[in-house]
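A.B. asks: Input file: start.txt. Contents: compact mmCIF, C-alpha atoms.
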# COMPACT_ATOMS: atom_id res chain seq x y z
CA MET A 1 3.60 -30.73 36.11
CA GLN A 2 4.62 -34.09 34.74
CA PHE A 3 2.54 -35.12 31.74
CA GLU A 4 2.97 -38.63 30.36
CA ILE A 5 0.97 -40.24 27.54
CA ILE A 6 0.30 -43.87 28.45
CA ALA A 7 -1.69 -45.09 25.45
CA ARG A 8 -3.16 -43.84 22.18
CA CYS A 9 -6.17 -45.11 20.27
CA PRO A 10 -4.90 -46.31 16.86
CA THR A 11 -8.12 -45.17 15.15
CA THR A 12 -9.26 -41.92 16.83
CA ARG A 13 -7.28 -39.14 18.50
CA ALA A 14 -8.19 -40.39 21.99
CA ARG A 15 -5.35 -40.97 24.41
CA VAL A 16 -4.80 -41.93 28.04
CA SER A 17 -2.26 -39.96 30.04
CA ARG A 18 -1.06 -39.29 33.55
CA MET A 19 -0.86 -35.73 34.84
CA LYS A 20 1.16 -35.42 38.03
CA LEU A 21 0.54 -32.23 39.98
CA THR A 22 1.43 -30.93 43.44
CA HIS A 23 -1.52 -32.72 45.08
CA GLY A 24 -1.13 -36.05 43.33
CA SER A 25 -1.75 -37.69 39.97
CA THR A 26 -4.87 -37.50 37.82
CA ILE A 27 -5.43 -39.94 34.98
CA LEU A 28 -6.73 -38.33 31.80
CA PRO A 29 -9.15 -37.97 30.08
CA THR A 30 -11.18 -36.86 33.07
CA PHE A 31 -14.27 -34.87 33.96
CA MET A 32 -13.87 -32.14 36.59
CA PRO A 33 -16.85 -31.38 38.87
CA VAL A 34 -17.39 -27.69 39.49
CA ALA A 35 -17.02 -26.38 43.05
CA THR A 36 -17.82 -22.74 42.31
CA GLN A 37 -17.84 -21.44 45.90
CA ALA A 38 -15.12 -23.85 47.15
CA CYS A 39 -17.73 -26.59 47.51
CA ILE A 40 -19.56 -29.03 45.25
CA LYS A 41 -23.18 -28.28 46.11
CA GLY A 42 -24.49 -30.84 48.59
CA LEU A 43 -21.22 -32.70 49.20
CA THR A 44 -18.40 -32.36 51.70
CA PRO A 45 -14.81 -32.54 50.44
CA GLN A 46 -14.51 -35.91 52.15
CA GLN A 47 -17.54 -37.27 50.33
CA THR A 48 -16.18 -35.94 47.03
CA GLU A 49 -12.81 -37.60 47.57
CA GLU A 50 -14.47 -40.89 48.54
CA LEU A 51 -16.18 -40.90 45.14
CA GLY A 52 -12.72 -41.22 43.58
CA ILE A 53 -12.53 -37.68 42.24
CA THR A 54 -8.99 -36.30 42.01
CA LEU A 55 -9.49 -32.94 40.26
CA ILE A 56 -12.12 -30.25 40.87
CA LEU A 57 -12.67 -26.70 39.65
CA ASN A 58 -12.94 -23.57 41.80
CA ASN A 59 -14.12 -20.17 40.55
CA THR A 60 -11.64 -17.31 40.80
CA TYR A 61 -14.16 -14.48 40.44
CA HIS A 62 -16.48 -15.76 43.15
CA LEU A 63 -13.72 -16.69 45.61
CA ASN A 64 -12.26 -13.22 45.20
CA LEU A 65 -15.64 -11.74 46.17
CA ARG A 66 -16.17 -14.16 49.05
CA PRO A 67 -14.21 -15.03 51.17
CA GLY A 68 -11.67 -12.76 49.48
CA LYS A 69 -7.92 -12.78 48.96
CA ARG A 70 -7.11 -11.80 52.55
CA VAL A 71 -8.92 -14.82 54.02
CA LEU A 72 -7.43 -17.16 51.43
CA ASP A 73 -3.91 -15.90 52.22
CA ALA A 74 -4.49 -16.24 55.95
CA SER A 75 -5.77 -19.80 55.61
CA GLY A 76 -2.93 -20.91 53.37
CA GLY A 77 -4.97 -21.22 50.19
CA ALA A 78 -8.19 -22.82 49.02
CA HIS A 79 -7.05 -26.40 49.61
CA VAL A 80 -6.78 -25.74 53.34
CA PHE A 81 -9.75 -23.36 53.41
CA GLN A 82 -12.16 -25.95 51.99
CA GLY A 83 -10.45 -29.10 53.25
CA TRP A 84 -9.68 -30.50 49.79
CA LYS A 85 -6.55 -32.67 49.59
CA ARG A 86 -6.46 -33.49 45.89
CA ASN A 87 -5.86 -31.47 42.72
CA MET A 88 -7.64 -28.25 41.87
CA LEU A 89 -8.04 -26.05 38.80
CA THR A 90 -9.21 -22.45 38.88
CA ASP A 91 -10.77 -20.55 36.03
CA SER A 92 -9.54 -16.99 35.65
CA GLY A 93 -12.77 -15.02 35.95
CA GLY A 94 -13.08 -14.57 32.20
CA PHE A 95 -16.33 -16.52 31.86
CA GLN A 96 -18.06 -14.04 34.15
CA MET A 97 -17.71 -11.46 31.35
CA VAL A 98 -20.51 -13.43 29.68
CA SER A 99 -22.46 -14.82 32.62
CA LEU A 100 -22.41 -11.44 34.42
CA SER A 101 -22.29 -9.23 31.34
CA SER A 102 -24.78 -6.77 32.82
CA PHE A 103 -22.33 -6.18 35.68
CA SER A 104 -19.13 -5.86 33.59
CA GLU A 105 -17.25 -3.56 31.21
CA VAL A 106 -14.20 -4.74 29.23
CA THR A 107 -11.21 -2.56 28.30
CA GLU A 108 -7.61 -3.30 27.34
CA GLU A 109 -6.65 -2.90 30.99
CA GLY A 110 -9.05 -5.60 32.17
CA VAL A 111 -12.70 -6.08 33.05
CA ARG A 112 -14.54 -3.88 35.53
CA PHE A 113 -17.22 -5.70 37.49
CA SER A 114 -19.89 -4.38 39.81
CA SER A 115 -20.37 -6.78 42.69
CA PRO A 116 -23.76 -8.53 42.36
CA PHE A 117 -23.93 -8.38 46.17
CA THR A 118 -22.97 -4.79 47.01
CA GLY A 119 -22.62 -3.01 43.66
CA GLU A 120 -19.03 -2.13 44.57
CA PRO A 121 -16.79 -1.87 41.47
CA THR A 122 -13.73 -4.11 41.10
CA MET A 123 -11.18 -4.24 38.29
CA LEU A 124 -9.98 -7.69 37.23
CA THR A 125 -6.81 -7.41 35.17
CA PRO A 126 -4.63 -10.27 33.93
CA GLU A 127 -2.15 -9.42 36.67
CA GLU A 128 -4.80 -9.38 39.39
CA SER A 129 -6.32 -12.65 38.13
CA MET A 130 -2.91 -14.28 38.51
CA ARG A 131 -2.44 -12.86 42.00
CA ILE A 132 -5.86 -14.11 43.10
CA GLN A 133 -5.16 -17.55 41.69
CA HIS A 134 -1.79 -17.57 43.44
CA SER A 135 -3.63 -16.90 46.70
CA ILE A 136 -6.12 -19.68 45.94
CA GLY A 137 -3.16 -21.99 45.33
CA ALA A 138 -4.73 -24.13 42.60
CA ASP A 139 -2.56 -26.72 40.89
CA ILE A 140 -3.71 -25.50 37.46
CA ILE A 141 -4.46 -21.83 36.87
CA MET A 142 -6.00 -20.27 33.76
CA GLN A 143 -4.99 -17.12 31.94
CA LEU A 144 -7.49 -14.28 31.98
CA ASP A 145 -9.08 -14.25 28.54
CA ASP A 146 -11.51 -11.87 26.87
CA VAL A 147 -14.65 -14.00 26.60
CA VAL A 148 -17.63 -13.25 24.38
CA SER A 149 -20.74 -15.34 23.85
CA SER A 150 -20.25 -18.09 21.30
CA LEU A 151 -23.18 -16.58 19.36
CA THR A 152 -21.41 -13.22 18.98
CA THR A 153 -20.38 -12.25 15.45
CA GLY A 154 -18.54 -9.34 13.89
CA PRO A 155 -15.40 -7.40 14.92
CA ARG A 156 -15.89 -8.00 18.66
CA VAL A 157 -14.86 -11.66 18.20
CA GLU A 158 -11.54 -10.73 16.58
CA GLU A 159 -10.97 -8.06 19.22
CA ALA A 160 -11.49 -10.61 22.00
CA MET A 161 -9.19 -13.12 20.33
CA GLY A 162 -6.35 -10.63 19.93
CA ARG A 163 -6.80 -9.31 23.45
CA SER A 164 -6.70 -12.85 24.86
CA ILE A 165 -3.26 -13.30 23.29
CA ARG A 166 -2.02 -10.02 24.74
CA TRP A 167 -3.49 -10.86 28.14
CA LEU A 168 -1.75 -14.25 28.03
CA ASP A 169 1.59 -12.46 27.77
CA ARG A 170 0.72 -10.35 30.80
CA CYS A 171 -0.32 -13.47 32.74
CA ILE A 172 2.92 -15.24 31.81
CA ALA A 173 5.02 -12.29 33.00
CA VAL A 174 3.32 -12.11 36.41
CA HIS A 175 3.34 -15.88 36.87
CA LYS A 176 7.04 -16.16 36.04
CA ALA A 177 7.90 -13.40 38.51
CA SER A 178 5.78 -14.94 41.30
CA GLY A 179 8.09 -17.84 42.07
CA LYS A 180 5.09 -20.19 41.97
CA ALA A 181 5.52 -21.64 38.48
CA ASP A 182 6.97 -24.88 39.88
CA GLN A 183 3.78 -25.53 41.89
CA GLN A 184 1.03 -23.87 39.87
CA ASN A 185 0.68 -24.61 36.17
CA LEU A 186 -0.58 -21.93 33.78
CA PHE A 187 -2.87 -22.90 30.90
CA ALA A 188 -3.54 -20.74 27.84
CA ILE A 189 -7.10 -20.42 26.46
CA VAL A 190 -7.67 -20.53 22.70
CA GLN A 191 -10.34 -18.07 21.56
CA GLY A 192 -11.71 -16.99 18.19
CA GLY A 193 -15.42 -17.72 18.40
CA LEU A 194 -16.88 -19.86 15.63
CA ASP A 195 -14.52 -18.41 13.01
CA HIS A 196 -11.98 -21.02 11.86
CA ASN A 197 -9.55 -18.36 10.59
CA LEU A 198 -9.54 -16.55 13.93
CA ARG A 199 -9.12 -19.85 15.77
CA SER A 200 -6.15 -20.69 13.53
CA LYS A 201 -4.54 -17.31 14.21
CA CYS A 202 -5.02 -17.72 17.96
CA LEU A 203 -3.68 -21.28 17.88
CA ASP A 204 -0.51 -20.18 16.06
CA ASP A 205 0.18 -17.34 18.47
CA MET A 206 -0.50 -19.37 21.60
CA ILE A 207 1.47 -22.39 20.42
CA SER A 208 4.44 -20.04 19.87
CA ARG A 209 4.32 -19.47 23.65
CA LYS A 210 4.38 -23.19 24.39
CA ASP A 211 7.50 -23.00 26.57
CA ASP A 212 5.67 -20.68 28.99
CA VAL A 213 2.44 -22.68 29.44
CA ALA A 214 1.74 -26.15 30.83
CA GLY A 215 -1.41 -26.82 28.83
CA TYR A 216 -4.11 -25.45 26.59
CA ALA A 217 -7.84 -24.91 26.96
CA ILE A 218 -10.41 -24.35 24.23
CA GLY A 219 -12.70 -21.56 25.35
CA GLY A 220 -15.63 -19.63 23.97
CA LEU A 221 -17.83 -22.65 23.21
CA SER A 222 -20.81 -24.39 24.87
CA GLY A 223 -22.80 -21.19 24.75
CA GLY A 224 -25.69 -22.24 22.56
CA GLU A 225 -23.94 -22.69 19.23
CA GLU A 226 -24.99 -25.52 16.91
CA LYS A 227 -23.35 -28.82 17.80
CA ASP A 228 -22.23 -29.30 14.21
CA ILE A 229 -20.16 -26.12 14.55
CA PHE A 230 -19.01 -26.96 18.09
CA TRP A 231 -17.33 -30.24 17.19
CA ARG A 232 -15.61 -28.78 14.14
CA ILE A 233 -13.96 -26.08 16.28
CA ILE A 234 -12.87 -28.71 18.81
CA SER A 235 -11.45 -30.87 16.03
CA GLN A 236 -9.59 -27.94 14.47
CA CYS A 237 -7.97 -27.07 17.80
CA THR A 238 -6.98 -30.59 18.89
CA ALA A 239 -5.48 -31.29 15.47
CA LYS A 240 -3.09 -28.36 15.89
CA LEU A 241 -2.36 -28.20 19.62
CA PRO A 242 0.92 -29.74 20.85
CA THR A 243 0.60 -33.43 21.67
CA ASP A 244 2.79 -33.09 24.78
CA ARG A 245 0.41 -30.75 26.58
CA PRO A 246 -3.00 -31.48 28.17
CA ARG A 247 -6.02 -30.22 26.18
CA TYR A 248 -9.02 -28.93 28.07
CA SER A 249 -12.47 -28.25 26.57
CA MET A 250 -14.19 -25.77 28.86
CA GLY A 251 -17.84 -26.13 29.84
CA ILE A 252 -18.87 -29.56 28.50
CA GLY A 253 -20.57 -32.26 30.56
CA PHE A 254 -23.18 -34.14 28.50
CA ALA A 255 -22.14 -37.76 28.06
CA GLU A 256 -22.27 -37.62 24.26
CA ASP A 257 -20.20 -34.41 24.23
CA LEU A 258 -17.57 -35.98 26.46
CA MET A 259 -17.24 -39.06 24.27
CA VAL A 260 -17.03 -37.14 21.00
CA CYS A 261 -14.51 -34.69 22.44
CA MET A 262 -12.41 -37.53 23.83
CA ALA A 263 -12.39 -39.15 20.39
CA LEU A 264 -11.25 -35.82 18.93
CA GLY A 265 -8.34 -35.63 21.39
CA ILE A 266 -9.62 -33.76 24.46
CA ASP A 267 -8.12 -34.69 27.86
CA MET A 268 -10.11 -32.59 30.35
CA ALA A 269 -13.62 -31.17 30.66
CA ASP A 270 -15.78 -29.44 33.26
CA CYS A 271 -19.43 -28.49 33.62
CA VAL A 272 -22.08 -27.84 36.27
CA PHE A 273 -24.47 -30.14 34.39
CA PRO A 274 -24.24 -33.37 36.45
CA THR A 275 -24.65 -31.60 39.78
CA ARG A 276 -27.22 -29.06 38.62
CA THR A 277 -29.37 -31.69 36.89
CA ALA A 278 -29.23 -33.80 40.06
CA ARG A 279 -30.91 -30.97 41.97
CA PHE A 280 -33.73 -31.12 39.43
CA GLY A 281 -34.18 -34.83 40.08
CA VAL A 282 -32.49 -36.19 36.96
CA ALA A 283 -30.13 -39.15 37.39
CA LEU A 284 -27.58 -39.96 34.69
CA THR A 285 -27.38 -43.57 33.52
CA PHE A 286 -25.89 -45.55 30.66
CA ASP A 287 -29.43 -45.99 29.34
CA GLY A 288 -29.95 -42.23 29.20
CA PRO A 289 -31.08 -39.63 31.77
CA LEU A 290 -33.69 -40.75 34.31
CA ASN A 291 -36.21 -38.15 35.49
CA LEU A 292 -37.02 -39.24 39.03
CA ARG A 293 -39.83 -36.68 39.30
CA LEU A 294 -42.00 -38.76 36.97
CA SER A 295 -44.81 -40.67 38.70
CA LYS A 296 -43.73 -43.99 37.17
CA HIS A 297 -40.93 -44.12 39.75
CA ALA A 298 -43.25 -43.67 42.75
CA THR A 299 -43.46 -47.42 43.46
CA THR A 300 -40.14 -48.60 41.98
CA MET A 301 -37.98 -50.11 44.71
CA ASP A 302 -34.95 -50.60 42.46
CA PRO A 303 -31.95 -48.28 42.82
CA ILE A 304 -31.09 -45.86 40.03
CA ASP A 305 -28.57 -48.38 38.62
CA LYS A 306 -28.00 -51.75 40.28
CA ASP A 307 -24.47 -51.92 38.79
CA CYS A 308 -23.42 -48.48 40.02
CA PRO A 309 -20.89 -48.39 42.90
CA CYS A 310 -21.96 -44.95 44.17
CA PRO A 311 -23.15 -44.78 47.82
CA THR A 312 -26.73 -44.09 46.72
CA CYS A 313 -27.03 -47.20 44.54
CA LYS A 314 -24.73 -49.42 46.60
CA GLU A 315 -26.87 -48.86 49.70
CA GLY A 316 -30.04 -49.69 47.76
CA VAL A 317 -31.67 -46.27 47.94
CA SER A 318 -34.78 -46.77 45.83
CA ARG A 319 -36.13 -44.69 43.00
CA ALA A 320 -39.38 -44.52 44.96
CA ILE A 321 -37.88 -42.74 47.96
CA LEU A 322 -35.91 -40.40 45.70
CA HIS A 323 -39.11 -39.60 43.81
CA HIS A 324 -40.86 -38.95 47.13
CA LEU A 325 -38.15 -36.63 48.45
CA ILE A 326 -36.69 -34.90 45.40
CA SER A 327 -39.09 -31.94 45.37
CA HIS A 328 -38.77 -30.94 49.02
CA GLU A 329 -35.82 -32.60 50.79
CA THR A 330 -32.21 -31.72 50.02
CA ALA A 331 -31.09 -35.22 51.01
CA ALA A 332 -32.45 -36.54 47.72
CA ALA A 333 -30.52 -33.96 45.72
CA HIS A 334 -27.35 -34.92 47.59
CA ALA A 335 -27.95 -38.61 46.87
CA VAL A 336 -28.49 -38.01 43.15
CA THR A 337 -25.48 -35.69 43.02
CA GLN A 338 -23.23 -38.46 44.31
CA HIS A 339 -24.68 -40.84 41.75
CA ASN A 340 -24.25 -38.41 38.84
CA LEU A 341 -20.63 -37.66 39.66
CA VAL A 342 -19.86 -41.36 39.87
CA PHE A 343 -21.62 -41.85 36.52
CA GLN A 344 -19.33 -39.25 34.94
CA ALA A 345 -16.30 -40.92 36.50
CA ARG A 346 -17.42 -44.39 35.36
CA LEU A 347 -18.01 -43.15 31.83
CA MET A 348 -14.56 -41.60 31.58
CA GLY A 349 -12.96 -44.59 33.31
CA ASP A 350 -14.61 -47.10 30.98
CA ALA A 351 -13.54 -45.02 27.98
CA ARG A 352 -9.94 -44.87 29.23
CA GLU A 353 -9.95 -48.63 29.76
CA ALA A 354 -11.16 -49.12 26.20
CA VAL A 355 -8.28 -47.01 24.87
CA LEU A 356 -5.83 -49.08 26.91
CA LYS A 357 -7.33 -52.29 25.48
CA GLY A 358 -7.40 -50.97 21.92
CA THR A 359 -11.20 -51.23 21.75
CA PHE A 360 -12.26 -47.57 21.95
CA PRO A 361 -14.15 -47.49 18.61
CA GLN A 362 -16.19 -50.53 19.66
CA PHE A 363 -16.79 -48.92 23.06
CA LEU A 364 -18.17 -45.80 21.39
CA LYS A 365 -20.60 -47.79 19.25
CA HIS A 366 -21.84 -49.72 22.28
CA PHE A 367 -22.15 -46.59 24.42
CA PHE A 368 -24.12 -44.60 21.83
CA GLY A 369 -26.35 -47.56 20.98
CA ARG A 370 -27.31 -48.07 24.61
CA TYR A 371 -27.47 -44.41 25.66
CA PHE A 372 -29.77 -43.26 22.86
CA GLY A 373 -31.60 -46.54 22.25
CA ASP A 374 -34.42 -46.35 19.75
CA SER A 375 -34.26 -42.56 19.53
CA GLY A 376 -31.23 -42.77 17.23
CA TYR A 377 -27.82 -41.18 17.39
CA PRO A 378 -27.54 -37.38 17.10
CA ARG A 379 -26.41 -36.59 13.57
CA TRP A 380 -23.61 -34.34 14.73
CA CYS A 381 -22.08 -37.18 16.77
CA VAL A 382 -22.16 -39.48 13.73
CA ASP A 383 -20.50 -36.85 11.54
CA ALA A 384 -17.85 -36.00 14.13
CA LEU A 385 -16.89 -39.60 14.85
CA ARG A 386 -16.67 -40.45 11.15
CA THR A 387 -13.85 -37.91 10.80
CA VAL A 388 -11.76 -39.99 13.21
CA GLY A 389 -12.58 -43.38 11.74
CA VAL A 390 -15.63 -44.45 13.73
CA ASP A 391 -18.71 -45.12 11.59
Hey, can you dump this file as structure tokens for me?
C.D. replies:
Amino acid sequence: MQFEIIARCPTTRARVSRMKLTHGSTILPTFMPVATQACIKGLTPQQTEELGITLILNNTYHLNLRPGKRVLDASGGAHVFQGWKRNMLTDSGGFQMVSLSSFSEVTEEGVRFSSPFTGEPTMLTPEESMRIQHSIGADIIMQLDDVVSSLTTGPRVEEAMGRSIRWLDRCIAVHKASGKADQQNLFAIVQGGLDHNLRSKCLDDMISRKDDVAGYAIGGLSGGEEKDIFWRIISQCTAKLPTDRPRYSMGIGFAEDLMVCMALGIDMADCVFPTRTARFGVALTFDGPLNLRLSKHATTMDPIDKDCPCPTCKEGVSRAILHHLISHETAAAHAVTQHNLVFQARLMGDAREAVLKGTFPQFLKHFFGRYFGDSGYPRWCVDALRTVGVD
């Protein structure tokens, strides 16, 4: 990986950088669409690339279940298997400890899952997670971490934090021995729940391993915790993480979250939100989310956003036809998915441009004023941005 900071905001912690990986360059900050099963739901890889997306996320746990390591090895990795020519990041399987908690059991060795399809038990260790991700061939691979719900309290949070550090060492050892470290870049994941002392301990230990990792992720958030706590953990982590490594906030996708996290120094984010909400008929716009299921759109011949360059808006697909189709035709979900992903890309691109021009604080004020309109800014956003000089 080659990581180069191009510009910094003189007021906030926002920055623009270039991350060069095996499958090309990605300009940061960026939002990564989630392709859980080696596919963004409703889009072909060619359609995704035509939207200007250069980095997507695949899911290690699910790709290990289906198609499995043997098929991935035979096909030459997930890039070839799914026909994706640009950059890819894989999670490690850790998140499934929470999302599939009823199917899993965690020990120091690893996490034992029961397949949700067959019930067959499988053991995912740090070593096995690395081997699976080596077979997938992602440009960025994540350590296996011990993940607990962000609402968990008590000794289990400290246990998970300490285990994540120990598992990082095991991941580093396997990755170094694999001969793939020059092509696949290992990221550490900072844990510690909502406890600032545990986060600080984890940060210190993981930063001490800086020479063995290409970047850092902030995990264990976006699980239902209060936003006022969420942003303070993000701020604590970005203030301490090395400036010469990419910083990735896992599981965020709301526009306001992206902008606040960018102002606090985050470079990368991912979430299923823009694609999932598209399937429920909600289009994302700079004037706020647009629920196309509402009857007021039944006779509106305007596109979702006349200024949007996505194929749906550029071709003049009307809100009326999307309203008509969204409940029973997948074509409408596909059309809104393309629009939502382009919205995320436009938002991040406009924010990067503002950093380059030295106008990021003004951009934030304009964005929030338009996006929330008369409803008023969320208090947590106001408080978070004030800490980095934006009032």
A.B. asks: Counting all atoms listed in the file, what are the residues of stretch 283-350 of chain A within 8 Å of stretch 365-372 of chain A, and for each of them which pair of atoms is the nearest and at what distance in Å, to one decimal? Sort the table by chain and rising number, as CSV.
C.D. replies:
residue,atom,partner,partner_atom,distance
A:Thr285,CA,A:Tyr371,CA,7.9
A:Phe286,CA,A:Tyr371,CA,5.4
A:Asp287,CA,A:Tyr371,CA,4.5
A:Gly288,CA,A:Tyr371,CA,4.8
A.B. asks: List as a VMD selection string the protein and nucleic acid residues near A:Gln338, meaning an atom at most 8 Å away when only C-alpha atoms are counted, but skip any in the same chain fewer than 4 places from it.
C.D. replies: chain A and resid 43 48 51 310 to 312 334 342
A.B. asks: Tell me which of A:Glu225, A:Glu108, A:Ser235, A:Ala38 sits closest to A:Asp383, counting only C-alpha atoms.
C.D. replies: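 For A:Asp383, the nearest of the given residues is A:Ser235.
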A.B. asks: Taking only C-alpha atoms into account, name the residue in A:Leu292, A:Ala263, A:Leu65, A:Ala217 that is nearest to A:Phe280.
C.D. replies: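 The closest residue to A:Phe280 is A:Leu292.
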A.B. asks: Could you check which of A:Arg70, A:Thr122, A:Gly76, A:Cys237 is closest to A:Asn197, using all atoms listed in the file?
C.D. replies: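 Once distances to A:Asn197 are computed over all atoms listed in the file, the minimum belongs to A:Cys237.
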A.B. asks: Which residue gives the smallest distance to A:Val111 among A:Asp146, A:Asp139, A:Asp182, A:Asp391, with only C-alpha atoms counted?
C.D. replies: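 The answer is A:Asp146, which sits nearest to A:Val111.
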